[in-house]
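> Data file coords-v1.txt (compact mmCIF, C-alpha atoms) is appended below.
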# COMPACT_ATOMS: atom_id res chain seq x y z
CA MET A 749 0.00 0.00 0.00
CA THR A 750 1.35 3.41 -0.90
CA PRO A 751 1.83 5.49 2.27
CA ARG A 752 -0.23 8.61 2.48
CA PRO A 753 1.68 11.89 2.06
CA ILE A 754 2.54 13.87 5.14
CA ARG A 755 -0.16 16.34 6.00
CA ALA A 756 0.11 18.93 8.71
CA ALA A 757 -2.35 18.33 11.50
CA ALA A 758 -5.17 20.74 12.17
CA GLY A 759 -3.77 23.97 13.49
CA LEU A 760 -0.30 23.26 12.06
CA THR A 761 -0.83 24.21 8.42
CA LYS A 762 0.78 27.38 7.21
CA MET A 763 -1.65 30.26 7.56
CA LYS A 764 -0.81 33.95 7.54
CA SER A 765 -3.68 36.27 8.35
CA SER A 766 -4.43 39.02 5.87
CA ARG A 767 -7.27 40.59 7.82
CA PRO A 768 -6.26 43.89 9.39
CA ILE A 769 -8.69 43.59 12.29
CA ALA A 770 -7.45 40.13 13.24
CA LEU A 771 -3.86 41.25 12.91
CA LEU A 772 -4.46 44.32 15.08
CA ALA A 773 -6.12 42.17 17.72
CA ALA A 774 -3.15 39.80 17.72
CA VAL A 775 -0.71 42.69 18.16
CA LEU A 776 -2.72 44.20 21.01
CA LEU A 777 -3.04 40.81 22.70
CA ALA A 778 0.71 40.19 22.45
CA ALA A 779 1.41 43.60 23.92
CA ALA A 780 -1.04 43.05 26.74
CA CYS A 781 0.58 39.70 27.57
CA GLY A 782 4.03 41.21 27.59
CA GLY A 783 5.44 39.46 24.49
CA ALA A 784 5.40 35.90 23.22
CA GLY A 785 2.69 34.50 25.48
CA GLU A 786 2.58 30.69 25.18
CA THR A 787 4.07 30.38 21.72
CA GLY A 788 7.50 29.44 23.05
CA ALA A 789 9.09 30.77 19.88
CA GLY A 790 8.06 34.38 20.25
CA PRO A 791 6.09 36.24 17.58
CA GLY A 792 7.32 36.95 14.09
CA GLN A 793 6.78 40.29 12.38
CA GLU A 794 3.76 42.20 13.61
CA GLY A 795 2.93 39.57 16.21
CA GLU A 796 2.39 36.65 13.82
CA ARG A 797 3.31 33.11 14.84
CA ARG A 798 6.57 31.77 13.52
CA GLN A 799 6.22 30.03 10.16
CA LEU A 800 8.39 26.93 9.57
CA THR A 801 8.58 24.61 6.57
CA LEU A 802 10.01 21.09 6.47
CA ILE A 803 11.23 20.03 3.00
CA THR A 804 11.75 16.28 3.08
CA GLY A 805 13.80 14.21 0.67
CA LEU A 806 10.87 12.08 -0.48
CA LYS A 807 7.18 12.72 0.12
CA SER A 808 5.98 9.13 0.60
CA ASP A 809 8.99 7.61 2.39
CA GLU A 810 8.19 6.30 5.90
CA PHE A 811 11.48 7.66 7.22
CA TYR A 812 10.48 11.19 6.22
CA ILE A 813 6.86 10.67 7.23
CA THR A 814 8.09 9.74 10.71
CA MET A 815 10.40 12.76 10.71
CA GLY A 816 7.42 14.94 9.80
CA CYS A 817 5.41 13.48 12.67
CA GLY A 818 8.17 14.39 15.12
CA ALA A 819 8.52 17.87 13.65
CA MET A 820 4.77 18.53 13.79
CA ALA A 821 4.53 17.33 17.39
CA GLU A 822 7.39 19.61 18.43
CA ALA A 823 5.98 22.56 16.46
CA LYS A 824 2.67 22.18 18.29
CA LYS A 825 4.51 22.01 21.61
CA LEU A 826 6.51 25.17 20.89
CA GLY A 827 3.61 27.12 19.40
CA VAL A 828 4.86 27.54 15.85
CA ASP A 829 3.21 26.73 12.53
CA LEU A 830 4.72 24.01 10.36
CA ASP A 831 4.18 23.17 6.71
CA VAL A 832 5.59 19.91 5.29
CA GLN A 833 6.50 19.47 1.63
CA GLY A 834 8.59 17.02 -0.39
CA PRO A 835 9.24 15.72 -3.91
CA GLU A 836 7.61 12.63 -5.38
CA ASP A 837 11.06 11.09 -5.94
CA PHE A 838 14.38 11.52 -4.14
CA SER A 839 15.71 13.81 -6.85
CA ALA A 840 17.46 17.18 -6.93
CA PRO A 841 15.62 18.31 -10.09
CA LEU A 842 12.31 17.66 -8.33
CA GLN A 843 13.33 19.12 -4.97
CA ILE A 844 14.95 22.34 -6.23
CA PRO A 845 11.67 23.88 -7.51
CA ILE A 846 10.13 23.20 -4.10
CA VAL A 847 13.07 24.92 -2.40
CA ASN A 848 12.73 27.93 -4.72
CA SER A 849 8.98 28.12 -4.14
CA VAL A 850 9.40 27.95 -0.36
CA THR A 851 12.08 30.66 -0.53
CA ALA A 852 9.61 32.90 -2.38
CA GLN A 853 7.04 32.30 0.38
CA GLN A 854 9.48 33.65 2.99
CA PRO A 855 8.87 31.41 6.02
CA ASP A 856 10.88 32.25 9.13
CA ALA A 857 12.81 28.96 9.02
CA VAL A 858 13.21 25.90 6.83
CA LEU A 859 14.18 22.37 7.82
CA ILE A 860 15.52 20.58 4.75
CA ALA A 861 16.85 17.16 3.77
CA PRO A 862 18.83 18.08 0.63
CA THR A 863 18.69 15.36 -2.04
CA ASP A 864 22.15 16.10 -3.43
CA ARG A 865 25.21 17.38 -1.59
CA ASN A 866 26.21 19.70 -4.47
CA ALA A 867 23.11 20.48 -6.54
CA LEU A 868 21.25 21.97 -3.56
CA ILE A 869 24.04 24.36 -2.54
CA GLN A 870 22.97 27.29 -4.71
CA PRO A 871 19.21 27.05 -3.97
CA MET A 872 19.99 26.87 -0.25
CA ARG A 873 22.38 29.83 -0.50
CA GLN A 874 19.55 31.81 -2.04
CA MET A 875 17.32 30.73 0.83
CA LYS A 876 19.86 31.98 3.34
CA SER A 877 20.30 35.24 1.41
CA ALA A 878 16.54 35.75 1.67
CA GLY A 879 16.93 35.83 5.46
CA ILE A 880 15.45 32.39 6.08
CA THR A 881 16.96 30.39 8.94
CA THR A 882 18.01 26.98 7.63
CA VAL A 883 18.39 23.66 9.47
CA GLN A 884 19.53 20.46 7.75
CA VAL A 885 17.82 17.22 8.74
CA ASP A 886 19.14 13.78 7.74
CA THR A 887 21.15 14.75 4.64
CA THR A 888 23.60 17.63 4.15
CA ILE A 889 25.29 19.69 1.46
CA ASP A 890 28.99 20.41 1.04
CA ASP A 891 28.70 23.95 2.42
CA PRO A 892 28.45 23.91 6.22
CA SER A 893 28.08 27.71 6.41
CA ILE A 894 24.45 27.75 5.25
CA ALA A 895 22.70 25.84 8.05
CA VAL A 896 22.61 26.92 11.68
CA SER A 897 22.35 23.23 12.67
CA SER A 898 22.51 19.80 11.03
CA ILE A 899 20.80 16.82 12.67
CA ALA A 900 21.45 13.31 11.40
CA SER A 901 22.49 9.80 12.29
CA ASN A 902 26.17 8.89 12.15
CA ASN A 903 25.73 7.17 8.82
CA GLU A 904 29.29 5.95 8.49
CA GLN A 905 28.89 4.24 11.85
CA GLY A 906 25.58 2.85 10.60
CA GLY A 907 27.43 1.24 7.70
CA GLN A 908 29.92 -0.24 10.13
CA VAL A 909 27.09 -1.66 12.24
CA ALA A 910 25.53 -3.15 9.10
CA ALA A 911 28.86 -4.77 8.17
CA GLN A 912 29.35 -6.22 11.65
CA THR A 913 25.79 -7.56 11.65
CA LEU A 914 26.12 -9.10 8.19
CA ALA A 915 29.53 -10.60 9.01
CA GLU A 916 27.98 -12.37 11.98
CA LEU A 917 25.04 -13.60 9.90
CA VAL A 918 27.30 -15.13 7.22
CA GLY A 919 29.66 -16.76 9.71
CA ASP A 920 32.41 -14.25 8.95
CA LYS A 921 33.18 -15.71 5.51
CA GLY A 922 31.98 -15.55 1.91
CA LYS A 923 31.09 -12.89 -0.65
CA VAL A 924 29.12 -9.75 0.16
CA TYR A 925 27.65 -6.98 -1.99
CA VAL A 926 26.13 -3.48 -1.57
CA ILE A 927 23.04 -2.16 -3.35
CA ASN A 928 23.06 1.63 -2.95
CA VAL A 929 20.85 4.55 -4.04
CA LYS A 930 22.85 6.98 -6.18
CA PRO A 931 26.20 8.78 -5.84
CA GLY A 932 26.21 12.22 -4.25
CA ILE A 933 23.84 11.60 -1.32
CA SER A 934 25.68 12.33 1.91
CA THR A 935 23.92 9.70 4.03
CA THR A 936 24.02 6.68 1.75
CA ASP A 937 27.54 7.50 0.54
CA ALA A 938 28.65 7.40 4.18
CA ARG A 939 26.79 4.14 4.89
CA ALA A 940 28.48 2.38 2.00
CA GLU A 941 31.88 3.79 2.97
CA GLY A 942 31.45 2.63 6.57
CA PHE A 943 30.37 -0.82 5.40
CA ILE A 944 33.26 -1.27 2.96
CA ASN A 945 35.85 -0.05 5.45
CA GLU A 946 34.54 -2.34 8.18
CA MET A 947 34.55 -5.37 5.88
CA LYS A 948 38.28 -4.86 5.32
CA LYS A 949 38.72 -6.04 8.90
CA HIS A 950 37.20 -9.41 8.00
CA PRO A 951 39.84 -11.27 5.92
CA ASP A 952 37.61 -14.19 5.00
CA ILE A 953 34.90 -11.95 3.55
CA ALA A 954 35.25 -10.77 -0.06
CA PHE A 955 33.51 -7.55 -1.12
CA VAL A 956 32.35 -8.11 -4.73
CA GLY A 957 31.11 -4.60 -5.50
CA GLN A 958 28.42 -1.95 -5.28
CA ASP A 959 25.57 -0.97 -7.59
CA TYR A 960 23.13 1.97 -7.62
CA ASP A 961 19.36 1.72 -8.08
CA GLU A 962 18.37 5.40 -8.56
CA ASP A 963 16.10 4.93 -5.52
CA GLN A 964 13.83 2.62 -7.54
CA ALA A 965 12.90 -0.79 -6.12
CA ASP A 966 12.55 -2.39 -9.56
CA ILE A 967 16.05 -1.26 -10.55
CA ALA A 968 17.39 -2.65 -7.27
CA THR A 969 15.73 -5.97 -8.11
CA GLN A 970 17.40 -6.00 -11.54
CA LYS A 971 20.84 -5.14 -10.14
CA VAL A 972 20.67 -7.74 -7.38
CA SER A 973 19.37 -10.40 -9.78
CA ALA A 974 22.33 -9.73 -12.09
CA THR A 975 24.76 -9.98 -9.16
CA LEU A 976 23.23 -13.29 -8.04
CA ALA A 977 23.70 -14.64 -11.57
CA LYS A 978 27.33 -13.50 -11.59
CA HIS A 979 28.03 -14.70 -8.04
CA PRO A 980 25.78 -17.73 -7.34
CA ASP A 981 27.73 -18.29 -4.11
CA LEU A 982 26.94 -14.81 -2.78
CA ALA A 983 26.60 -14.94 1.01
CA GLY A 984 25.22 -11.53 1.95
CA ILE A 985 23.82 -8.19 0.79
CA PHE A 986 23.72 -4.77 2.42
CA ALA A 987 20.92 -2.48 1.14
CA THR A 988 21.62 1.15 2.06
CA ASN A 989 17.99 2.28 2.32
CA LEU A 990 14.50 0.81 2.57
CA ILE A 991 13.79 0.96 -1.17
CA ALA A 992 17.04 -0.88 -1.95
CA ALA A 993 16.13 -3.49 0.68
CA GLU A 994 12.68 -3.96 -0.83
CA GLY A 995 14.15 -4.52 -4.29
CA ALA A 996 16.83 -6.87 -2.97
CA ALA A 997 14.26 -8.95 -1.09
CA THR A 998 12.22 -9.31 -4.29
CA ALA A 999 15.29 -10.49 -6.23
CA LEU A 1000 16.20 -13.06 -3.57
CA LYS A 1001 12.65 -14.41 -3.53
CA ALA A 1002 12.62 -14.74 -7.33
CA ALA A 1003 15.94 -16.61 -7.21
CA GLY A 1004 14.74 -18.93 -4.44
CA LYS A 1005 17.52 -17.68 -2.16
CA THR A 1006 15.51 -15.97 0.57
CA GLY A 1007 17.27 -16.65 3.85
CA ASP A 1008 20.19 -18.39 2.19
CA VAL A 1009 21.69 -15.09 1.10
CA LYS A 1010 21.58 -12.94 4.21
CA LEU A 1011 20.09 -9.47 3.69
CA VAL A 1012 20.72 -6.50 5.99
CA GLY A 1013 18.79 -3.32 5.25
CA PHE A 1014 18.89 0.25 6.47
CA ASP A 1015 15.78 1.85 7.97
CA ALA A 1016 12.76 0.23 9.59
CA GLY A 1017 9.62 1.05 7.68
CA PRO A 1018 6.46 -1.11 7.82
CA LYS A 1019 7.57 -3.14 4.78
CA GLN A 1020 10.95 -3.86 6.38
CA VAL A 1021 9.25 -4.94 9.61
CA GLU A 1022 7.04 -7.29 7.58
CA ASP A 1023 10.12 -8.64 5.78
CA LEU A 1024 11.89 -9.23 9.08
CA ARG A 1025 8.91 -11.21 10.33
CA ASN A 1026 8.60 -13.35 7.21
CA GLY A 1027 12.34 -13.94 6.88
CA SER A 1028 12.97 -11.89 3.73
CA LEU A 1029 15.28 -9.64 5.77
CA GLN A 1030 17.57 -10.88 8.50
CA ALA A 1031 18.34 -7.51 10.09
CA VAL A 1032 17.93 -3.75 9.64
CA VAL A 1033 19.82 -0.77 10.97
CA ALA A 1034 17.21 1.69 12.24
CA GLN A 1035 17.54 5.44 12.76
CA GLU A 1036 15.50 7.88 14.85
CA PRO A 1037 13.69 10.06 12.29
CA TYR A 1038 11.05 11.16 14.82
CA ALA A 1039 13.79 12.57 17.04
CA ILE A 1040 15.49 14.22 14.05
CA GLY A 1041 12.26 16.09 13.28
CA GLN A 1042 11.81 17.14 16.90
CA ILE A 1043 15.37 18.37 17.30
CA GLY A 1044 15.26 20.16 13.95
CA VAL A 1045 12.31 22.26 15.07
CA GLN A 1046 13.97 22.91 18.43
CA GLN A 1047 17.15 24.19 16.76
CA ALA A 1048 15.20 26.36 14.31
CA VAL A 1049 13.23 27.97 17.12
CA LYS A 1050 16.39 28.58 19.15
CA ALA A 1051 17.98 30.32 16.18
CA LEU A 1052 14.89 32.47 15.61
CA ASN A 1053 14.93 33.50 19.27
CA GLY A 1054 18.61 34.44 19.10
CA GLU A 1055 19.62 31.54 21.33
CA PRO A 1056 22.74 29.38 20.74
CA THR A 1057 22.34 26.37 18.44
CA ARG A 1058 24.45 23.25 18.00
CA LYS A 1059 26.15 23.05 14.62
CA GLN A 1060 25.99 19.25 14.45
CA ILE A 1061 23.78 16.80 16.35
CA GLN A 1062 23.89 13.04 15.92
CA THR A 1063 20.97 10.78 16.77
CA ASN A 1064 20.93 7.09 17.62
CA LEU A 1065 20.85 4.08 15.34
CA VAL A 1066 20.50 0.44 16.26
CA PRO A 1067 20.49 -2.99 14.55
CA ILE A 1068 17.20 -4.88 14.78
CA THR A 1069 16.51 -8.54 14.09
CA ALA A 1070 13.10 -10.25 14.00
CA LYS A 1071 13.37 -11.35 17.61
CA GLU A 1072 14.08 -7.76 18.70
CA LEU A 1073 11.09 -6.08 17.06
CA GLU A 1074 9.13 -5.77 20.30
CA SER A 1075 12.01 -4.66 22.51
CA LYS A 1076 13.16 -2.02 19.97
CA SER A 1077 9.73 -0.92 18.74
CA ARG A 1078 10.50 2.78 19.42
CA TYR A 1079 12.84 2.70 16.41
CA LEU A 1080 10.19 1.51 13.93
CA TYR A 1081 8.94 4.05 11.38
CA LYS A 1082 5.36 5.21 10.72
CA SER A 1083 3.35 5.33 7.50
CA GLU A 1084 1.21 8.15 8.96
CA CYS A 1085 1.12 10.25 12.11
Turn the structure described in the file into structure tokens.


Amino acid sequence: MTPRPIRAAAGLTKMKSSRPIALLAAVLLAAACGGAGETGAGPGQEGERRQLTLITGLKSDEFYITMGCGAMAEAKKLGVDLDVQGPEDFSAPLQIPIVNSVTAQQPDAVLIAPTDRNALIQPMRQMKSAGITTVQVDTTIDDPSIAVSSIASNNEQGGQVAAQTLAELVGDKGKVYVINVKPGISTTDARAEGFINEMKKHPDIAFVGQDYDEDQADIATQKVSATLAKHPDLAGIFATNLIAAEGAATALKAAGKTGDVKLVGFDAGPKQVEDLRNGSLQAVVAQEPYAIGQIGVQQAVKALNGEPTRKQIQTNLVPITAKELESKSRYLYKSEC
């Protein structure tokens, strides 16, 4: 089932009043209360509530849906308005027009998961030049000066954890392979790098290569199927995101090698949980997207209030096997808030 897009909850959608009487009443009320009242963030210009926008990397991805849920919950808590947008595919050409449109709308702050570490630099520079406070969530660009804070998992460490988990599953010997998304994405690049570097510490494991699926499950299936044909004795696969894991699981099922070739994925969406339960996946490395969304809003509000922010914040990640689903349920992603 295709997950429903993120929608801001009632009271959290972006609304700027254009009625003079309502605006005057808001200004007088703020003055009477001595300032920010219960908003937590303080008013914007002319007493309006702070306006924040979250631009995710992919509209229908459970990781980003869960991040949006955390961001919306924190926005409600802090008394700011939050709008959530995202492209239909994890693609810079699709995300850049959204970034430009949001810049033209002039929110007070933007939380963004850039889909390319280089292609998003100029649009985000323009956003900063427009006076919009910028926070990076999950992914980053190669210009650390733009964002007041960047919140993400330690993805290189996540790749190392995936390698250690897969090495244990294959008995520390045999051939292993990586199915990745596309070059130029900070998070998945780091996961693959961490995995490859960790596998060098395992002399009886041979790394046979890495392919990219353009964040399309059917392409992942094709790439993994070709690798299985080339290496019929393949022992294990690391899929760097949930779409790659879905495609890899399909290829293994078609080849009749489910469970024989050990599959470790990254992220813990509903499909990955189902695949853990039915044996299509042997383990996943889960992040904390809900916490990333919460912390992103917190850092944006601090910046808007002139308070100190933390330039880099790392959140937790943890390996999960089928037998650990209940004990580590807080790390599982949502398909809707």

> What's the 6 Å shell around segment 839-843 of chain A, counting only C-alpha atoms, without same-chain residues fewer than 3 positions away, as a CSV table (one decimal) with C-alpha atoms, keeping the file's coordinate frame?


chain,number,residue,atom,x,y,z
A,835,PRO,CA,9.2,15.7,-3.9
A,846,ILE,CA,10.1,23.2,-4.1
A,863,THR,CA,18.7,15.4,-2.0
A,864,ASP,CA,22.2,16.1,-3.4

> Please, what distance in Å, to one decimal, runs between atom CA of Lys876 of chain A and atom CA of Ala852 of chain A?

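So the answer is 11.8 Å.
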
> Given the choices A:Leu917, A:Ala983, A:Ala940, A:Ile967, which gets closest to Ala1031 of chain A if the distance is worked out from only C-alpha atoms?

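Ranking A:Leu917, A:Ala983, A:Ala940, A:Ile967 by distance to Ala1031 of chain A, first place goes to A:Leu917.
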
> For Arg1025 of chain A, which residue out of A:Arg798, A:Lys824, A:Lys1076, A:Lys1071 is the nearest one, using all atoms listed in the file?

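Smallest separation from Arg1025 of chain A among the options: A:Lys1071.
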
> Rounded to one decimal in Å, what is the spacing between atom CA of Asp963 of chain A and atom CA of Thr804 of chain A?

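So the two atoms, atom CA of Asp963 of chain A and atom CA of Thr804 of chain A, lie 14.9 Å apart.
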
> Have a look at atom CA of Asn989 of chain A and atom CA of Tyr1081 of chain A and let me know their distance in Å, one decimal.

12.9 Å

> Name the residues within 12 Å of (29.8, 1.3, 9.8), counting all atoms listed in the file in the file's coordinates, and put them as number ranges by chain.

A: 901-915, 935-949, 986, 988, 1014, 1033, 1065-1067

> Check the smallest atom-to-atom distance from each of A:Pro1056, A:Ile927, A:Gln799, A:Ile889 to Asp856 of chain A using only C-alpha atoms, then report the winner.

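Smallest separation from Asp856 of chain A among the options: A:Gln799.
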
> Which residues, written as a compact mmCIF listing (two decimals) with C-alpha atoms, in the frame of the given file, have at least one atom at most 9 Å from Gly1041 of chain A, with all atoms listed in the file counted and residues fewer than 3 positions away on the same chain left out?


# COMPACT_ATOMS: atom_id res chain seq x y z
CA LEU A 802 10.01 21.09 6.47
CA TYR A 812 10.48 11.19 6.22
CA THR A 814 8.09 9.74 10.71
CA MET A 815 10.40 12.76 10.71
CA GLY A 816 7.42 14.94 9.80
CA CYS A 817 5.41 13.48 12.67
CA GLY A 818 8.17 14.39 15.12
CA ALA A 819 8.52 17.87 13.65
CA MET A 820 4.77 18.53 13.79
CA ALA A 821 4.53 17.33 17.39
CA GLU A 822 7.39 19.61 18.43
CA LEU A 859 14.18 22.37 7.82
CA VAL A 885 17.82 17.22 8.74
CA ILE A 899 20.80 16.82 12.67
CA GLU A 1036 15.50 7.88 14.85
CA PRO A 1037 13.69 10.06 12.29
CA TYR A 1038 11.05 11.16 14.82
CA GLY A 1044 15.26 20.16 13.95
CA VAL A 1045 12.31 22.26 15.07
CA GLN A 1046 13.97 22.91 18.43

> With distances taken over all atoms listed in the file, which residue among A:Leu1024, A:Leu830, A:Ala878, A:Ala900 lies nearest Ile1043 of chain A?

A:Ala900

> Taking into account only C-alpha atoms, which residue in the set A:Ile953, A:Ser897, A:Gly995, A:Val918 is nearest to Lys1059 of chain A?

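Of A:Ile953, A:Ser897, A:Gly995, A:Val918, the one nearest Lys1059 of chain A is A:Ser897, counting only C-alpha atoms.
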
> Could you list as a list in words every residue that has an atom within 7 Å of (2.7, 29.4, 15.2), using the file's coordinates and counting all atoms listed in the file?

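Within the cut-off we find Thr787, Arg797, Arg798, Gln799, Gly827, Val828 and Asp829 of chain A.
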
> Using only C-alpha atoms, can you tell me which of A:Thr998, A:Thr801, A:Asn1026, A:Ser849 comes closest to Val832 of chain A?

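Of A:Thr998, A:Thr801, A:Asn1026, A:Ser849, the one nearest Val832 of chain A is A:Thr801, counting only C-alpha atoms.
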
> Provide an axis-aligned box for all listed atoms of segment 965-975 of chain A, padding each side by 5 Å; report its centre and its edge lengths in Å to one decimal, as AutoDock Vina command-line options.


--center_x 18.7 --center_y -5.6 --center_z -9.1 --size_x 22.2 --size_y 19.6 --size_z 16.0

> Could you write segment 939-959 of chain A as a short mmCIF file (atom, residue, chain, number, x, y, z; two decimals), in the coordinates of the input, with N, CA and C atoms rebuilt where they are missing?


data_model
loop_
_atom_site.label_atom_id
_atom_site.label_comp_id
_atom_site.auth_asym_id
_atom_site.auth_seq_id
_atom_site.Cartn_x
_atom_site.Cartn_y
_atom_site.Cartn_z
N ARG A 939 27.13 5.51 4.47
CA ARG A 939 26.79 4.14 4.89
C ARG A 939 27.62 3.11 4.12
N ALA A 940 27.70 3.31 2.81
CA ALA A 940 28.48 2.38 2.00
C ALA A 940 29.95 2.43 2.37
N GLU A 941 30.47 3.65 2.60
CA GLU A 941 31.88 3.79 2.97
C GLU A 941 32.16 3.09 4.30
N GLY A 942 31.27 3.28 5.28
CA GLY A 942 31.45 2.63 6.57
C GLY A 942 31.40 1.11 6.45
N PHE A 943 30.49 0.62 5.61
CA PHE A 943 30.37 -0.82 5.40
C PHE A 943 31.64 -1.40 4.77
N ILE A 944 32.09 -0.76 3.69
CA ILE A 944 33.26 -1.27 2.96
C ILE A 944 34.50 -1.24 3.84
N ASN A 945 34.68 -0.15 4.58
CA ASN A 945 35.85 -0.05 5.45
C ASN A 945 35.83 -1.09 6.56
N GLU A 946 34.65 -1.35 7.11
CA GLU A 946 34.54 -2.34 8.18
C GLU A 946 34.82 -3.74 7.64
N MET A 947 34.35 -4.03 6.43
CA MET A 947 34.55 -5.37 5.88
C MET A 947 36.02 -5.68 5.61
N LYS A 948 36.85 -4.64 5.49
CA LYS A 948 38.28 -4.86 5.32
C LYS A 948 38.92 -5.52 6.55
N LYS A 949 38.22 -5.43 7.66
CA LYS A 949 38.72 -6.04 8.90
C LYS A 949 38.36 -7.52 9.00
N HIS A 950 37.65 -8.02 8.00
CA HIS A 950 37.20 -9.41 8.00
C HIS A 950 37.87 -10.12 6.82
N PRO A 951 39.04 -10.74 7.03
CA PRO A 951 39.84 -11.27 5.92
C PRO A 951 39.19 -12.39 5.13
N ASP A 952 38.24 -13.08 5.71
CA ASP A 952 37.61 -14.19 5.00
C ASP A 952 36.33 -13.78 4.28
N ILE A 953 36.06 -12.47 4.28
CA ILE A 953 34.90 -11.95 3.55
C ILE A 953 35.40 -11.16 2.35
N ALA A 954 34.86 -11.46 1.17
CA ALA A 954 35.25 -10.77 -0.06
C ALA A 954 34.13 -9.82 -0.49
N PHE A 955 34.47 -8.55 -0.64
CA PHE A 955 33.51 -7.55 -1.12
C PHE A 955 33.53 -7.58 -2.65
N VAL A 956 32.38 -7.91 -3.28
CA VAL A 956 32.35 -8.11 -4.73
C VAL A 956 31.84 -6.89 -5.49
N GLY A 957 31.48 -5.82 -4.78
CA GLY A 957 31.11 -4.60 -5.50
C GLY A 957 29.85 -3.93 -5.01
N GLN A 958 29.54 -2.81 -5.66
CA GLN A 958 28.42 -1.95 -5.28
C GLN A 958 27.71 -1.49 -6.55
N ASP A 959 26.38 -1.50 -6.50
CA ASP A 959 25.57 -0.97 -7.59
C ASP A 959 24.61 0.09 -7.05
#
